[in-house]
>>> print(open('protein.csv').read())   # CSV, C-alpha atoms and all ligand atoms
chain,number,residue,atom,x,y,z
A,45,MET,CA,66.9,47.7,34.7
A,46,SER,CA,64.8,47.0,37.8
A,47,LYS,CA,62.7,49.8,39.2
A,48,THR,CA,60.2,50.2,42.0
A,49,ILE,CA,57.2,52.3,40.8
A,50,LEU,CA,54.3,53.7,42.7
A,51,ILE,CA,51.1,53.8,40.6
A,52,THR,CA,48.3,55.8,42.4
A,53,GLY,CA,44.7,55.2,41.6
A,54,GLY,CA,45.5,51.8,40.1
A,55,ALA,CA,42.1,50.3,41.0
A,56,GLY,CA,40.3,52.9,39.0
A,57,PHE,CA,39.4,52.9,35.3
A,58,ILE,CA,42.6,54.2,33.6
A,59,GLY,CA,44.9,53.2,36.5
A,60,SER,CA,43.9,49.5,36.2
A,61,HIS,CA,44.9,49.5,32.5
A,62,VAL,CA,48.2,51.2,33.4
A,63,VAL,CA,48.9,48.7,36.2
A,64,ARG,CA,48.1,45.7,34.0
A,65,LEU,CA,50.4,47.0,31.2
A,66,PHE,CA,53.4,47.7,33.5
A,67,VAL,CA,53.0,44.5,35.5
A,68,ASN,CA,52.9,42.3,32.4
A,69,LYS,CA,55.4,44.2,30.3
A,70,TYR,CA,58.1,44.8,32.9
A,71,PRO,CA,58.5,41.6,35.1
A,72,ASP,CA,61.7,43.2,36.5
A,73,TYR,CA,59.8,46.2,37.9
A,74,LYS,CA,58.1,46.1,41.3
A,75,ILE,CA,54.7,47.8,40.8
A,76,ILE,CA,53.0,49.2,43.9
A,77,ASN,CA,49.4,50.2,43.4
A,78,LEU,CA,48.1,52.7,46.1
A,79,ASP,CA,44.4,53.2,46.1
A,80,LYS,CA,41.9,54.3,48.6
A,81,LEU,CA,39.2,52.2,47.0
A,82,THR,CA,36.6,55.0,46.8
A,83,TYR,CA,33.3,54.2,45.0
A,84,ALA,CA,35.4,54.4,41.8
A,85,GLY,CA,38.1,52.0,42.8
A,86,ASN,CA,37.5,48.3,42.3
A,87,LEU,CA,40.0,45.5,42.8
A,88,GLU,CA,37.9,43.3,40.4
A,89,ASN,CA,39.5,45.4,37.7
A,90,LEU,CA,42.8,43.7,38.4
A,91,ARG,CA,41.9,40.0,39.1
A,92,ASP,CA,44.0,38.7,36.3
A,93,ILE,CA,47.3,40.2,37.6
A,94,GLU,CA,46.7,40.3,41.4
A,95,ASN,CA,48.9,37.2,42.1
A,96,LYS,CA,51.9,38.3,40.0
A,97,ASN,CA,55.2,38.4,41.8
A,98,ASN,CA,56.0,42.0,40.8
A,99,TYR,CA,52.7,43.5,42.0
A,100,ILE,CA,51.7,44.7,45.4
A,101,PHE,CA,48.4,46.5,46.4
A,102,GLU,CA,48.4,49.0,49.2
A,103,LYS,CA,45.1,50.5,50.4
A,104,GLY,CA,45.5,54.1,51.5
A,105,ASP,CA,44.6,57.7,51.1
A,106,ILE,CA,47.0,60.2,49.4
A,107,VAL,CA,45.4,62.9,51.6
A,108,ASP,CA,46.9,61.3,54.7
A,109,GLU,CA,50.4,62.9,54.8
A,110,GLY,CA,51.9,60.6,57.4
A,111,TYR,CA,50.7,57.5,55.5
A,112,VAL,CA,52.3,58.8,52.2
A,113,ILE,CA,55.6,59.6,53.9
A,114,ASP,CA,55.7,56.1,55.5
A,115,LEU,CA,54.9,54.4,52.2
A,116,PHE,CA,57.8,56.2,50.4
A,117,ALA,CA,60.1,55.2,53.2
A,118,LYS,CA,58.9,51.6,53.0
A,119,TYR,CA,59.5,51.2,49.2
A,120,ASN,CA,62.1,53.8,48.2
A,121,PHE,CA,60.3,54.4,44.9
A,122,ASP,CA,62.2,55.3,41.7
A,123,GLY,CA,59.1,56.6,40.1
A,124,VAL,CA,55.5,57.7,40.6
A,125,ILE,CA,52.7,57.5,38.1
A,126,HIS,CA,50.0,59.5,39.7
A,127,LEU,CA,46.4,58.8,38.6
A,128,ALA,CA,44.5,58.8,41.8
A,129,ALA,CA,41.9,61.5,41.7
A,130,GLU,CA,38.2,62.4,42.0
A,131,SER,CA,37.4,62.4,38.3
A,132,HIS,CA,33.7,63.1,37.6
A,133,VAL,CA,32.7,66.7,36.7
A,134,ASP,CA,29.1,66.2,38.0
A,135,ARG,CA,30.3,65.1,41.4
A,136,SER,CA,32.7,68.0,41.5
A,137,ILE,CA,29.7,70.4,41.1
A,138,THR,CA,27.9,68.9,44.2
A,139,ASN,CA,31.0,68.3,46.3
A,140,PRO,CA,34.1,70.5,45.3
A,141,MET,CA,35.9,70.0,48.6
A,142,GLU,CA,36.5,66.3,48.0
A,143,PHE,CA,38.2,67.3,44.7
A,144,ILE,CA,40.4,69.9,46.4
A,145,MET,CA,41.5,67.4,49.0
A,146,THR,CA,42.4,64.5,46.8
A,147,ASN,CA,43.4,66.2,43.6
A,148,VAL,CA,45.3,69.1,45.1
A,149,VAL,CA,46.3,68.2,48.7
A,150,GLY,CA,46.9,64.6,47.8
A,151,THR,CA,49.1,65.5,44.8
A,152,VAL,CA,51.2,67.9,47.0
A,153,ASN,CA,51.6,65.2,49.6
A,154,LEU,CA,53.0,62.9,47.0
A,155,LEU,CA,55.3,65.6,45.7
A,156,ASN,CA,56.6,66.4,49.2
A,157,ALA,CA,57.3,62.7,49.8
A,158,ALA,CA,59.2,62.4,46.5
A,159,LYS,CA,61.1,65.6,47.2
A,160,ASP,CA,62.3,64.3,50.5
A,161,LEU,CA,63.4,61.0,49.1
A,162,TRP,CA,65.1,62.1,45.8
A,163,LYS,CA,67.9,64.5,45.2
A,164,ALA,CA,67.2,67.5,42.9
A,165,ASN,CA,67.2,66.4,39.3
A,166,GLU,CA,68.3,62.9,40.4
A,167,GLU,CA,68.9,60.6,37.4
A,168,GLY,CA,66.5,57.7,37.1
A,169,LYS,CA,63.8,59.3,39.2
A,170,LEU,CA,60.5,60.6,37.8
A,171,PHE,CA,57.2,62.0,39.0
A,172,TYR,CA,54.6,61.4,36.2
A,173,HIS,CA,51.4,63.4,36.7
A,174,VAL,CA,48.4,62.2,34.7
A,175,SER,CA,46.1,65.0,33.9
A,176,THR,CA,43.3,66.0,31.6
A,177,ASP,CA,42.6,68.2,28.6
A,178,GLU,CA,39.8,69.9,30.7
A,179,VAL,CA,42.5,72.2,32.3
A,180,TYR,CA,42.5,74.1,29.0
A,181,GLY,CA,38.9,75.1,29.3
A,182,SER,CA,36.4,75.1,26.5
A,183,LEU,CA,37.1,75.6,22.7
A,184,GLY,CA,34.8,77.3,20.2
A,185,ASP,CA,33.9,75.6,16.9
A,186,THR,CA,37.5,75.6,15.7
A,187,GLY,CA,41.0,75.2,17.1
A,188,LEU,CA,42.8,72.5,19.1
A,189,PHE,CA,44.4,72.3,22.5
A,190,LEU,CA,48.2,72.5,22.3
A,191,GLU,CA,50.7,71.9,25.2
A,192,THR,CA,51.2,75.7,25.1
A,193,THR,CA,47.5,76.6,25.4
A,194,SER,CA,46.8,78.7,28.5
A,195,TYR,CA,45.0,77.1,31.3
A,196,ASP,CA,41.4,78.2,31.7
A,197,PRO,CA,39.6,75.5,33.8
A,198,GLN,CA,35.8,76.0,34.1
A,199,SER,CA,34.6,73.3,36.5
A,200,PRO,CA,35.6,72.4,40.1
A,201,TYR,CA,37.1,69.2,38.7
A,202,SER,CA,39.2,70.8,36.0
A,203,SER,CA,40.2,73.6,38.5
A,204,SER,CA,41.5,71.1,40.9
A,205,LYS,CA,43.4,69.2,38.2
A,206,ALA,CA,44.8,72.5,36.9
A,207,SER,CA,46.0,73.4,40.4
A,208,SER,CA,47.7,70.0,40.7
A,209,ASP,CA,49.5,70.5,37.4
A,210,HIS,CA,50.7,73.9,38.5
A,211,PHE,CA,52.1,72.3,41.7
A,212,VAL,CA,54.0,69.7,39.8
A,213,ARG,CA,55.6,72.3,37.5
A,214,ALA,CA,56.4,74.5,40.6
A,215,TYR,CA,58.2,71.5,42.3
A,216,GLY,CA,60.2,71.0,39.1
A,217,ASN,CA,61.1,74.6,38.8
A,218,THR,CA,61.7,75.2,42.5
A,219,TYR,CA,63.1,71.9,43.9
A,220,GLY,CA,64.4,70.2,40.7
A,221,MET,CA,61.7,67.5,40.9
A,222,PRO,CA,62.1,65.4,37.7
A,223,TYR,CA,58.6,65.3,36.2
A,224,VAL,CA,56.4,64.9,33.1
A,225,ILE,CA,52.8,65.7,32.8
A,226,SER,CA,50.3,64.4,30.2
A,227,ASN,CA,46.9,65.9,29.5
A,228,CYS,CA,44.5,63.4,27.9
A,229,SER,CA,41.1,63.7,26.2
A,230,ASN,CA,38.0,61.6,27.2
A,231,ASN,CA,38.8,57.9,27.6
A,232,TYR,CA,36.4,55.0,27.0
A,233,GLY,CA,36.7,51.2,27.3
A,234,PRO,CA,36.4,48.4,29.8
A,235,ASN,CA,36.1,49.0,33.6
A,236,GLN,CA,34.8,52.6,33.4
A,237,PHE,CA,32.5,53.5,36.2
A,238,PRO,CA,28.9,54.0,34.9
A,239,GLU,CA,28.7,57.6,35.9
A,240,LYS,CA,30.6,58.7,32.8
A,241,LEU,CA,28.7,59.0,29.5
A,242,LEU,CA,29.4,55.7,27.6
A,243,PRO,CA,29.1,53.1,30.4
A,244,LEU,CA,26.1,55.0,31.9
A,245,PHE,CA,24.3,54.8,28.6
A,246,ILE,CA,25.3,51.2,27.9
A,247,ASN,CA,23.9,50.2,31.3
A,248,ASN,CA,20.8,52.2,30.8
A,249,ILE,CA,20.1,50.6,27.4
A,250,LEU,CA,20.6,47.2,29.0
A,251,ASN,CA,18.0,48.1,31.6
A,252,GLY,CA,15.6,49.9,29.2
A,253,LYS,CA,16.1,53.2,31.1
A,254,ALA,CA,16.1,56.8,29.6
A,255,LEU,CA,19.4,58.1,28.1
A,256,PRO,CA,19.8,61.5,29.7
A,257,VAL,CA,21.4,63.8,27.1
A,258,TYR,CA,22.5,67.1,28.7
A,259,GLY,CA,21.3,70.3,27.0
A,260,ASP,CA,21.0,70.2,23.2
A,261,GLY,CA,23.6,67.3,23.0
A,262,LYS,CA,25.8,69.4,20.7
A,263,PHE,CA,28.8,69.3,23.1
A,264,THR,CA,32.0,67.9,21.5
A,265,ARG,CA,34.6,65.6,23.0
A,266,ASP,CA,37.7,63.8,21.6
A,267,TRP,CA,37.5,60.1,22.5
A,268,LEU,CA,40.5,57.7,23.1
A,269,TYR,CA,40.4,54.0,23.8
A,270,VAL,CA,41.8,53.5,27.3
A,271,VAL,CA,44.4,51.0,26.4
A,272,ASP,CA,45.9,53.5,23.9
A,273,HIS,CA,46.1,56.0,26.8
A,274,ALA,CA,48.0,53.4,28.9
A,275,ILE,CA,50.4,52.7,26.0
A,276,ALA,CA,51.0,56.5,25.7
A,277,ILE,CA,51.8,56.7,29.5
A,278,ASP,CA,54.3,53.9,29.2
A,279,LYS,CA,56.0,55.6,26.3
A,280,ILE,CA,56.1,59.0,28.0
A,281,TYR,CA,57.3,57.4,31.3
A,282,HIS,CA,60.3,55.8,29.5
A,283,GLU,CA,61.0,58.2,26.7
A,284,GLY,CA,59.5,61.6,27.6
A,285,ARG,CA,61.8,64.5,28.3
A,286,ASN,CA,62.1,65.8,31.9
A,287,GLY,CA,59.9,68.9,32.5
A,288,GLU,CA,57.8,68.4,29.4
A,289,THR,CA,54.1,68.2,28.9
A,290,TYR,CA,52.5,65.9,26.3
A,291,ASN,CA,48.9,66.1,25.1
A,292,ILE,CA,47.3,62.8,24.4
A,293,GLY,CA,44.1,62.5,22.2
A,294,GLY,CA,42.3,60.3,19.8
A,295,PHE,CA,42.2,62.6,16.8
A,296,ASN,CA,38.6,61.6,17.1
A,297,GLU,CA,36.0,64.4,17.8
A,298,TRP,CA,32.3,63.6,18.2
A,299,THR,CA,29.3,65.6,19.3
A,300,ASN,CA,27.6,63.8,22.2
A,301,ILE,CA,24.4,63.2,20.2
A,302,ASP,CA,26.2,61.7,17.2
A,303,LEU,CA,28.2,59.5,19.5
A,304,ILE,CA,25.1,58.4,21.4
A,305,LYS,CA,23.4,57.5,18.1
A,306,ILE,CA,26.3,55.3,17.0
A,307,LEU,CA,26.3,53.7,20.5
A,308,CYS,CA,22.6,53.0,20.2
A,309,LYS,CA,23.0,51.4,16.8
A,310,GLN,CA,25.9,49.2,17.9
A,311,MET,CA,24.0,48.2,21.1
A,312,ASP,CA,21.0,47.2,19.0
A,313,ILE,CA,23.2,45.1,16.7
A,314,ALA,CA,25.0,43.5,19.7
A,315,LEU,CA,21.7,42.7,21.5
A,316,GLY,CA,20.0,41.4,18.3
A,317,ASN,CA,17.4,44.2,18.5
A,318,GLU,CA,15.9,46.1,15.6
A,319,VAL,CA,18.1,49.1,14.8
A,320,GLY,CA,16.3,52.2,16.2
A,321,THR,CA,15.2,50.5,19.4
A,322,ALA,CA,17.8,52.0,21.7
A,323,GLU,CA,17.5,55.5,20.2
A,324,GLU,CA,13.9,55.7,21.5
A,325,LEU,CA,15.4,56.0,25.0
A,326,ILE,CA,17.1,59.3,24.2
A,327,THR,CA,15.8,62.0,26.5
A,328,TYR,CA,17.0,65.6,26.6
A,329,VAL,CA,17.5,66.8,30.2
A,330,LYS,CA,18.6,70.0,31.9
A,331,ASP,CA,22.1,71.0,31.0
A,332,ARG,CA,25.1,70.6,33.3
A,333,PRO,CA,26.0,73.9,34.9
A,334,GLY,CA,29.0,75.5,33.3
A,335,HIS,CA,29.1,72.7,30.7
A,336,ASP,CA,32.2,73.0,28.5
A,337,LYS,CA,31.2,73.2,24.8
A,338,ARG,CA,34.2,71.5,23.1
A,339,TYR,CA,37.4,69.8,23.8
A,340,ALA,CA,39.8,68.7,21.1
A,341,ILE,CA,43.5,67.7,21.4
A,342,ASP,CA,46.4,68.2,19.1
A,343,ALA,CA,48.5,65.2,20.0
A,344,ASN,CA,51.1,65.8,17.3
A,345,LYS,CA,54.0,66.5,19.8
A,346,LEU,CA,53.6,63.0,21.2
A,347,LYS,CA,53.2,61.5,17.7
A,348,ASN,CA,56.2,63.3,16.3
A,349,GLU,CA,58.6,63.0,19.3
A,350,LEU,CA,57.7,59.6,20.6
A,351,GLY,CA,56.0,57.9,17.7
A,352,TRP,CA,52.7,57.2,19.5
A,353,ALA,CA,49.4,57.1,17.7
A,354,PRO,CA,46.0,55.6,18.7
A,355,SER,CA,45.9,51.9,17.6
A,356,LEU,CA,42.1,51.5,17.2
A,357,GLN,CA,39.6,53.1,14.9
A,358,PHE,CA,36.8,54.5,16.9
A,359,GLU,CA,33.9,52.2,15.9
A,360,GLU,CA,36.2,49.2,16.5
A,361,GLY,CA,37.0,50.4,20.0
A,362,LEU,CA,33.3,51.2,20.7
A,363,VAL,CA,32.2,47.7,19.6
A,364,LYS,CA,35.0,46.1,21.7
A,365,THR,CA,33.8,48.2,24.7
A,366,ILE,CA,30.2,47.2,24.2
A,367,LEU,CA,31.1,43.5,24.0
A,368,TRP,CA,33.2,43.8,27.2
A,369,TYR,CA,30.2,45.3,29.1
A,370,LEU,CA,27.8,42.7,27.8
A,371,ALA,CA,30.3,39.9,28.8
A,372,ASN,CA,30.7,41.5,32.3
A,373,GLU,CA,27.2,42.2,33.5
A,374,LYS,CA,28.2,40.9,36.9
A,375,TRP,CA,30.9,43.6,37.2
A,376,MET,CA,28.3,46.2,36.3
A,377,ASN,CA,25.6,44.7,38.7
A,378,ASN,CA,28.1,44.6,41.6
A,379,ILE,CA,29.0,48.3,41.3
A,380,THR,CA,25.5,49.6,40.5
A,381,SER,CA,23.9,48.1,43.6
A,382,GLY,CA,24.0,50.0,46.8
A,383,ASP,CA,25.3,53.6,46.8
A,384,TYR,CA,25.1,54.0,43.0
A,385,GLN,CA,21.3,54.0,43.2
A,386,LYS,CA,21.5,57.0,45.6
A,387,TYR,CA,23.8,58.9,43.3
A,388,TYR,CA,21.7,58.2,40.3
A,389,LYS,CA,18.5,59.4,42.0
A,390,GLN,CA,20.3,62.6,43.2
A,391,GLN,CA,21.8,63.3,39.8
A,392,TYR,CA,19.0,62.4,37.4
A,393,ASN,CA,15.6,62.6,39.3
B,401,LIG,P1,38.5,56.9,38.3
B,401,LIG,O1,37.6,57.8,39.1
B,401,LIG,O2,38.0,55.7,37.6
B,401,LIG,O3,39.7,56.3,39.3
B,401,LIG,C1,40.3,57.1,40.3
B,401,LIG,C2,40.9,56.1,41.3
B,401,LIG,O4,41.6,56.9,42.3
B,401,LIG,C3,40.0,55.2,42.0
B,401,LIG,O5,40.5,53.9,42.0
B,401,LIG,C4,39.9,55.7,43.4
B,401,LIG,O6,39.6,54.8,44.4
B,401,LIG,C5,41.3,56.4,43.6
B,401,LIG,N1,41.3,57.4,44.6
B,401,LIG,C6,40.4,58.5,44.7
B,401,LIG,N2,40.7,59.3,45.7
B,401,LIG,C7,41.9,58.7,46.3
B,401,LIG,C8,42.7,59.1,47.4
B,401,LIG,N3,42.4,60.1,48.2
B,401,LIG,N4,43.7,58.3,47.7
B,401,LIG,C9,44.0,57.2,47.0
B,401,LIG,N5,43.3,56.8,45.9
B,401,LIG,C10,42.2,57.5,45.6
B,401,LIG,O7,39.4,57.9,37.4
B,401,LIG,P2,40.0,57.6,35.9
B,401,LIG,O8,38.9,58.0,34.9
B,401,LIG,O9,40.6,56.3,35.9
B,401,LIG,O10,41.1,58.8,35.9
B,401,LIG,C11,42.4,58.5,36.3
B,401,LIG,C12,43.2,59.8,36.2
B,401,LIG,O11,43.2,60.2,34.8
B,401,LIG,C13,42.7,61.0,36.9
B,401,LIG,O12,43.7,61.7,37.5
B,401,LIG,C14,41.9,61.8,35.9
B,401,LIG,O13,41.9,63.2,36.2
B,401,LIG,C15,42.8,61.5,34.6
B,401,LIG,N6,42.0,61.6,33.4
B,401,LIG,C16,40.9,60.9,33.2
B,401,LIG,C17,40.2,60.9,31.9
B,401,LIG,C18,39.0,60.1,31.6
B,401,LIG,O14,38.4,60.3,30.6
B,401,LIG,N7,38.5,59.3,32.5
B,401,LIG,C19,40.8,61.7,30.9
B,401,LIG,C20,42.0,62.4,31.1
B,401,LIG,C21,42.6,62.3,32.3
B,402,LIG,P1,31.5,62.7,30.9
B,402,LIG,O1,31.6,61.3,30.6
B,402,LIG,O2,30.9,63.1,32.3
B,402,LIG,O3,32.9,63.4,30.7
B,402,LIG,P2,33.4,64.9,30.7
B,402,LIG,O4,32.3,65.8,31.3
B,402,LIG,O5,34.6,64.8,31.6
B,402,LIG,O6,33.8,65.2,29.3
B,402,LIG,O7,30.6,63.5,29.9
B,402,LIG,C1,30.9,63.4,28.5
B,402,LIG,C2,29.9,64.3,27.8
B,402,LIG,O8,28.6,63.8,27.9
B,402,LIG,C3,29.8,65.7,28.4
B,402,LIG,O9,29.6,66.7,27.4
B,402,LIG,C4,28.6,65.6,29.3
B,402,LIG,C5,27.7,64.6,28.5
B,402,LIG,N1,26.8,63.8,29.4
B,402,LIG,C6,25.4,63.7,29.1
B,402,LIG,O10,24.9,64.4,28.1
B,402,LIG,N2,24.6,63.0,29.9
B,402,LIG,C7,25.1,62.3,31.0
B,402,LIG,O11,24.3,61.6,31.7
B,402,LIG,C8,26.5,62.4,31.3
B,402,LIG,C9,27.1,61.6,32.4
B,402,LIG,C10,27.3,63.1,30.4
>>> encode(input="protein.csv", output="C-alpha cells", more="lines below")
Ligand code: NAD
Ligand code: TYD
Amino acid sequence: MSKTILITGGAGFIGSHVVRLFVNKYPDYKIINLDKLTYAGNLENLRDIENKNNYIFEKGDIVDEGYVIDLFAKYNFDGVIHLAAESHVDRSITNPMEFIMTNVVGTVNLLNAAKDLWKANEEGKLFYHVSTDEVYGSLGDTGLFLETTSYDPQSPYSSSKASSDHFVRAYGNTYGMPYVISNCSNNYGPNQFPEKLLPLFINNILNGKALPVYGDGKFTRDWLYVVDHAIAIDKIYHEGRNGETYNIGGFNEWTNIDLIKILCKQMDIALGNEVGTAEELITYVKDRPGHDKRYAIDANKLKNELGWAPSLQFEEGLVKTILWYLANEKWMNNITSGDYQKYYKQQYN
C-alpha cells in the first residue's frame, strides 16, 4: 500500500541509513527527508538514492513551528519517523539550549502538526520516535535496561531525549496519537560524524593524532551496526504495536579501552602497519563531566515479538566500518575542514 512518510534527520548518520532502506525497499512509498543540515547533516550520505522517484529532500528546521505545519499540509503524511536531533553528549555539555530547542521543542512541533492532521487513533497513521538507551541513565556492573526501566537521564543530551519521549507518550495518552518509541544503544558504521568515539579515533589514527580516552577508559557501551538499527526501525514501523516501546541493542558490550584496542589492531592490519603501532597513540585525558559508567540493553522484547536480531558479528561490522572510512577519505576530509577544527580545539586542547 502506498504511504507518504516523513523522515526527519535523514541527512545524518542513522537517518541516512533509514532513508536509504525505505527508499530502496518501498518503491510505492513517497519518502520525504526533512533536515536542517546542521554540522552533522550531510547530503553526501544520500548521493546513491537522491535521484529516485520516491524520494524528496526538504531543507528545514523542526524548531520552526510555522514551517512544520506548512510541510504537513503540503504532504499529508501517513507516518513520521523522527530522528532529527542534536546527538552528541559533549556538545550538550557546552550548549544545552540547542538540545532543548531541537530535541524537545522540535519534537513537540512535529507532534502538534501530526495531531492536527490525524484523527485520534486513526488507522494507518504512526508517529515513530527514535530515541536512545541513555534516557535510562547509568548501570552498575550488572543488569540490563528493559523497556520498563525507570528514566534517569544524566546528561543534557539524555535529559532532552527523555523529555521528548515523555511528550510522545503524553500525546498518545492524551490525544490518541498513534505512536511507537525505540531506545537504541550506541551505533557505529559508515557516515558517522567524527565527533563520536569510533570515527574520531579512526580519523585520528589516519592522521597520526593522539587517541583521547576519557578517564580510565573503563566505561561500557553496547554497540550495534547502524544498518541493523535501520532494519529494526523498519520492522517496528510496520509490525510494532501502537503505544509500545522497543529497546534495540547489539547484545555486544565493550569497555571503551578494550574496544579501542581492537580498533587499533584492525586499523594496523587494514593499513599494513605493524600491530601495536596505533595503540601507541592512546592518551588518557580528563574525564567527561557526569560520564555514564555503563549502558547495556536487553533487546529480547524486539527479538521475541518481531523476530529481529543483529545480523553482524561485532568484529565483522568493525572491519566493514574501517574499510568504509578508508575508502571514503574524501568524505572525511570534507567534513573535517572548517568548523570541525574549531570544535576539536575547544573539546580536546
Ligand atoms: P546525527 O547527529 O548524525 O544526525 C542528526 C540529524 O538531524 C542531522 O542530519 C541534522 O542536520 C539534523 N537536525 C539537527 N537539528 C535539526 C533541526 N532543528 N531540524 C531539522 N533537522 C535537524 O545523529 P544520529 O547519530 O544519526 O542520531 C539520530 C537519532 O538517533 C537521534 O534522535 C539520536 O538521539 C538517536 N540515537 C542515536 C544513537 C547513536 O549512537 N548515534 C543511538 C541511539 C539513538
Ligand atoms: P560517544 O561516541 O560520544 O557516545 P556516548 O557518549 O553517547 O556513549 O562516546 C562513547 C564512549 O567513548 C563514551 O564512554 C565516551 C568515550 N569517549 C572517549 O573516551 N573519548 C572521546 O574522544 C569520545 C568522543 C568518547
>>> atom_distance(input="protein.csv", atom1="atom CA of Ile249 of chain A", atom2="atom CA of Gly54 of chain A")
28.4 Å
>>> residues_around(input="protein.csv", residues="segment 143-149 of chain A", least_positions_apart="4", cutoff="6 Å", atoms="all atoms listed in the file", output="PDB file with C-alpha atoms, in the coordinates of the input")
ATOM      1  CA  VAL A 107      45.400  62.900  51.600  1.00  0.00           C
ATOM      2  CA  ALA A 129      41.900  61.500  41.700  1.00  0.00           C
ATOM      3  CA  GLU A 130      38.200  62.400  42.000  1.00  0.00           C
ATOM      4  CA  SER A 204      41.500  71.100  40.900  1.00  0.00           C
ATOM      5  CA  SER A 208      47.700  70.000  40.700  1.00  0.00           C
TER       6      SER A 208
END
>>> atom_distance(input="protein.csv", atom1="atom N1 of ligand LIG 401 (chain B)", atom2="atom CA of Gly334 of chain A")
24.6 Å
>>> residues_near_ligand(input="protein.csv", ligand="ligand LIG 401 (chain B)", cutoff="7 Å", atoms="all atoms listed in the file", output="PDB file with C-alpha atoms, keeping the file's coordinate frame")
ATOM      1  CA  THR A  52      48.300  55.800  42.400  1.00  0.00           C
ATOM      2  CA  GLY A  53      44.700  55.200  41.600  1.00  0.00           C
ATOM      3  CA  GLY A  54      45.500  51.800  40.100  1.00  0.00           C
ATOM      4  CA  ALA A  55      42.100  50.300  41.000  1.00  0.00           C
ATOM      5  CA  GLY A  56      40.300  52.900  39.000  1.00  0.00           C
ATOM      6  CA  PHE A  57      39.400  52.900  35.300  1.00  0.00           C
ATOM      7  CA  ILE A  58      42.600  54.200  33.600  1.00  0.00           C
ATOM      8  CA  GLY A  59      44.900  53.200  36.500  1.00  0.00           C
ATOM      9  CA  LEU A  78      48.100  52.700  46.100  1.00  0.00           C
ATOM     10  CA  ASP A  79      44.400  53.200  46.100  1.00  0.00           C
ATOM     11  CA  LYS A  80      41.900  54.300  48.600  1.00  0.00           C
ATOM     12  CA  LEU A  81      39.200  52.200  47.000  1.00  0.00           C
ATOM     13  CA  THR A  82      36.600  55.000  46.800  1.00  0.00           C
ATOM     14  CA  TYR A  83      33.300  54.200  45.000  1.00  0.00           C
ATOM     15  CA  ALA A  84      35.400  54.400  41.800  1.00  0.00           C
ATOM     16  CA  GLY A  85      38.100  52.000  42.800  1.00  0.00           C
ATOM     17  CA  ASN A  86      37.500  48.300  42.300  1.00  0.00           C
ATOM     18  CA  GLY A 104      45.500  54.100  51.500  1.00  0.00           C
ATOM     19  CA  ASP A 105      44.600  57.700  51.100  1.00  0.00           C
ATOM     20  CA  ILE A 106      47.000  60.200  49.400  1.00  0.00           C
ATOM     21  CA  VAL A 107      45.400  62.900  51.600  1.00  0.00           C
ATOM     22  CA  LEU A 127      46.400  58.800  38.600  1.00  0.00           C
ATOM     23  CA  ALA A 128      44.500  58.800  41.800  1.00  0.00           C
ATOM     24  CA  ALA A 129      41.900  61.500  41.700  1.00  0.00           C
ATOM     25  CA  GLU A 130      38.200  62.400  42.000  1.00  0.00           C
ATOM     26  CA  SER A 131      37.400  62.400  38.300  1.00  0.00           C
ATOM     27  CA  HIS A 132      33.700  63.100  37.600  1.00  0.00           C
ATOM     28  CA  THR A 146      42.400  64.500  46.800  1.00  0.00           C
ATOM     29  CA  GLY A 150      46.900  64.600  47.800  1.00  0.00           C
ATOM     30  CA  VAL A 174      48.400  62.200  34.700  1.00  0.00           C
ATOM     31  CA  SER A 175      46.100  65.000  33.900  1.00  0.00           C
ATOM     32  CA  THR A 176      43.300  66.000  31.600  1.00  0.00           C
ATOM     33  CA  ASP A 177      42.600  68.200  28.600  1.00  0.00           C
ATOM     34  CA  LYS A 205      43.400  69.200  38.200  1.00  0.00           C
ATOM     35  CA  ASN A 227      46.900  65.900  29.500  1.00  0.00           C
ATOM     36  CA  CYS A 228      44.500  63.400  27.900  1.00  0.00           C
ATOM     37  CA  SER A 229      41.100  63.700  26.200  1.00  0.00           C
ATOM     38  CA  ASN A 230      38.000  61.600  27.200  1.00  0.00           C
ATOM     39  CA  ASN A 231      38.800  57.900  27.600  1.00  0.00           C
ATOM     40  CA  TYR A 232      36.400  55.000  27.000  1.00  0.00           C
ATOM     41  CA  GLN A 236      34.800  52.600  33.400  1.00  0.00           C
ATOM     42  CA  PHE A 237      32.500  53.500  36.200  1.00  0.00           C
TER      43      PHE A 237
END
>>> closest_atom_pairs(input="protein.csv", of="segment 104-129 of chain A", to="segment 273-293 of chain A", cutoff="10 Å", atoms="all atoms listed in the file", output="CSV")
residue,atom,partner,partner_atom,distance
A:Gly123,CA,A:Tyr281,CA,9.0
A:Val124,CA,A:Tyr281,CA,9.5
A:Ile125,CA,A:Tyr281,CA,8.2
>>> atom_distance(input="protein.csv", atom1="atom P2 of ligand LIG 402 (chain B)", atom2="atom CA of Pro234 of chain A")
16.8 Å
>>> residues_near_ligand(input="protein.csv", ligand="ligand LIG 402 (chain B)", cutoff="10 Å", atoms="all atoms listed in the file", output="JSON, numbers by chain")
{"A": [131, 132, 133, 134, 135, 176, 177, 178, 199, 201, 202, 229, 230, 231, 232, 236, 237, 238, 239, 240, 241, 242, 243, 244, 245, 254, 255, 256, 257, 258, 259, 260, 261, 262, 263, 264, 265, 266, 267, 298, 299, 300, 301, 303, 304, 327, 328, 329, 330, 331, 332, 335, 336, 337, 338, 339, 388, 391, 392]}
>>> residues_around(input="protein.csv", residues="Gly252 of chain A", least_positions_apart="4", cutoff="9 Å", atoms="only C-alpha atoms", output="list in words")
Asn247, Asn248, Ala322 and Leu325 of chain A
>>> closest_residue(input="protein.csv", among="A:Asn235, A:Asn153, A:Ser194, A:Thr138", to="Thr365 of chain A", atoms="all atoms listed in the file")
A:Asn235
>>> closest_residue(input="protein.csv", among="A:Lys253, A:Leu155, A:Val67, A:Tyr73", to="Arg213 of chain A", atoms="all atoms listed in the file")
A:Leu155
>>> closest_residue(input="protein.csv", among="A:Tyr70, A:Tyr369, A:Trp162, A:Tyr119", to="Tyr219 of chain A", atoms="all atoms listed in the file")
A:Trp162
>>> closest_residue(input="protein.csv", among="A:Lys386, A:Ala157, A:Leu183, A:Glu88", to="Lys374 of chain A", atoms="all atoms listed in the file")
A:Glu88
